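Inspection log for the structure reproduced underneath, given as structure tokens.
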Amino acid sequence: VQMMSVCAASGSWTPDPADLVCMSPPPDDCGVPASPTNGTVAYTATTEGSQATFQCSAGLVPGEVMTAVCENSTGTTQWSPDPGDLSCVTPTPTISVTPTPTLSVTPTTSDPAVVIAVVVVVVVAVAVAVVAT
């Protein structure tokens, strides 16, 4: 903005240059950031450089970055990342599988009485192991 002061016939300047003030334009504004579904947003300002922090409701986890910054990188002032892209989701349960021990018996005899005795010992050993756990 160009301002001008004119020297009047009386020798005084109109308006007085001391009264002229240079002001910066107001900072760009991103507007109020949207709250994520199942969450809340906290911010202190909505102007360029401000940050907004997002928090999920109890029991939910963030599915995305949980901080956004008011930026003007493309000529448009906006929150980055877009708060509409932030989400709070139910956590995926972690399943832990413990392998079951495998017992293999190979009889060295074809005598049926010996084979039956070995099988009985194995069954009893497995039953004891299961009861112990």
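Chain identifiers are assigned as A, B, and so on, following the order in which chains appear in the structure tokens; residues are numbered from 1 within each chain, and ligands are numbered from 1 in order of appearance.
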Contacts of Thr40 of chain A within 12 Å, only C-alpha atoms, excl. fewer than 2 positions in-chain, as a ChimeraX atom specification: /A:33-38,42-43,52-58,60,62,66-67,83,86-88
I need the chosen residues saved as a PDB file, in the first residue's frame, with C-alpha atoms.
```
ATOM      1  CA  PRO A  33      -9.464 -27.560  12.705  1.00  0.00           C
ATOM      2  CA  ALA A  34     -11.955 -30.416  12.531  1.00  0.00           C
ATOM      3  CA  SER A  35     -12.008 -32.939  15.385  1.00  0.00           C
ATOM      4  CA  PRO A  36     -11.278 -36.511  14.356  1.00  0.00           C
ATOM      5  CA  THR A  37     -14.115 -39.017  14.581  1.00  0.00           C
ATOM      6  CA  ASN A  38     -14.013 -40.466  18.119  1.00  0.00           C
ATOM      7  CA  ALA A  42      -6.701 -28.786  21.079  1.00  0.00           C
ATOM      8  CA  TYR A  43      -5.253 -25.562  19.623  1.00  0.00           C
ATOM      9  CA  ALA A  52      -3.300 -28.405  16.548  1.00  0.00           C
ATOM     10  CA  THR A  53      -2.992 -31.612  18.574  1.00  0.00           C
ATOM     11  CA  PHE A  54      -5.494 -34.427  18.226  1.00  0.00           C
ATOM     12  CA  GLN A  55      -6.321 -37.030  20.882  1.00  0.00           C
ATOM     13  CA  CYS A  56      -8.374 -40.205  20.578  1.00  0.00           C
ATOM     14  CA  SER A  57     -11.157 -41.196  22.959  1.00  0.00           C
ATOM     15  CA  ALA A  58     -10.280 -43.835  25.580  1.00  0.00           C
ATOM     16  CA  LEU A  60      -8.879 -46.018  20.640  1.00  0.00           C
ATOM     17  CA  PRO A  62      -4.427 -43.014  16.268  1.00  0.00           C
ATOM     18  CA  MET A  66      -1.844 -36.687  15.499  1.00  0.00           C
ATOM     19  CA  THR A  67      -0.441 -33.146  15.025  1.00  0.00           C
ATOM     20  CA  PRO A  83      -7.469 -32.994  10.027  1.00  0.00           C
ATOM     21  CA  LEU A  86      -6.847 -38.112  10.932  1.00  0.00           C
ATOM     22  CA  SER A  87      -8.701 -41.015  12.502  1.00  0.00           C
ATOM     23  CA  CYS A  88      -9.124 -42.789  15.818  1.00  0.00           C
TER      24      CYS A  88
END
```
What's around Pro27 of chain A at 10 Å? Count only C-alpha atoms, leave out sequence neighbours fewer than 5 positions away in its own chain, and write the answer as a VMD selection string. chain A and resid 46 to 49 77
For each of A:Gly11, A:Gly31, A:Pro17, A:Pro99, take the minimum atom-to-atom distance to Val69 of chain A, counting only C-alpha atoms, then give the residue where this is smallest.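 Of all the options, A:Gly31 lies closest to Val69 of chain A.
Among the candidate residues A:Ser10, A:Gly39, A:Thr76, A:Asp16, the one lying nearest to Thr90 of chain A is A:Gly39, with distances computed using only C-alpha atoms.
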What does the distance between atom CA of Pro91 of chain A and atom CA of Val32 of chain A come to in Å, to one decimal place?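 Calculated distance between atom CA of Pro91 of chain A and atom CA of Val32 of chain A is 27.9 Å.
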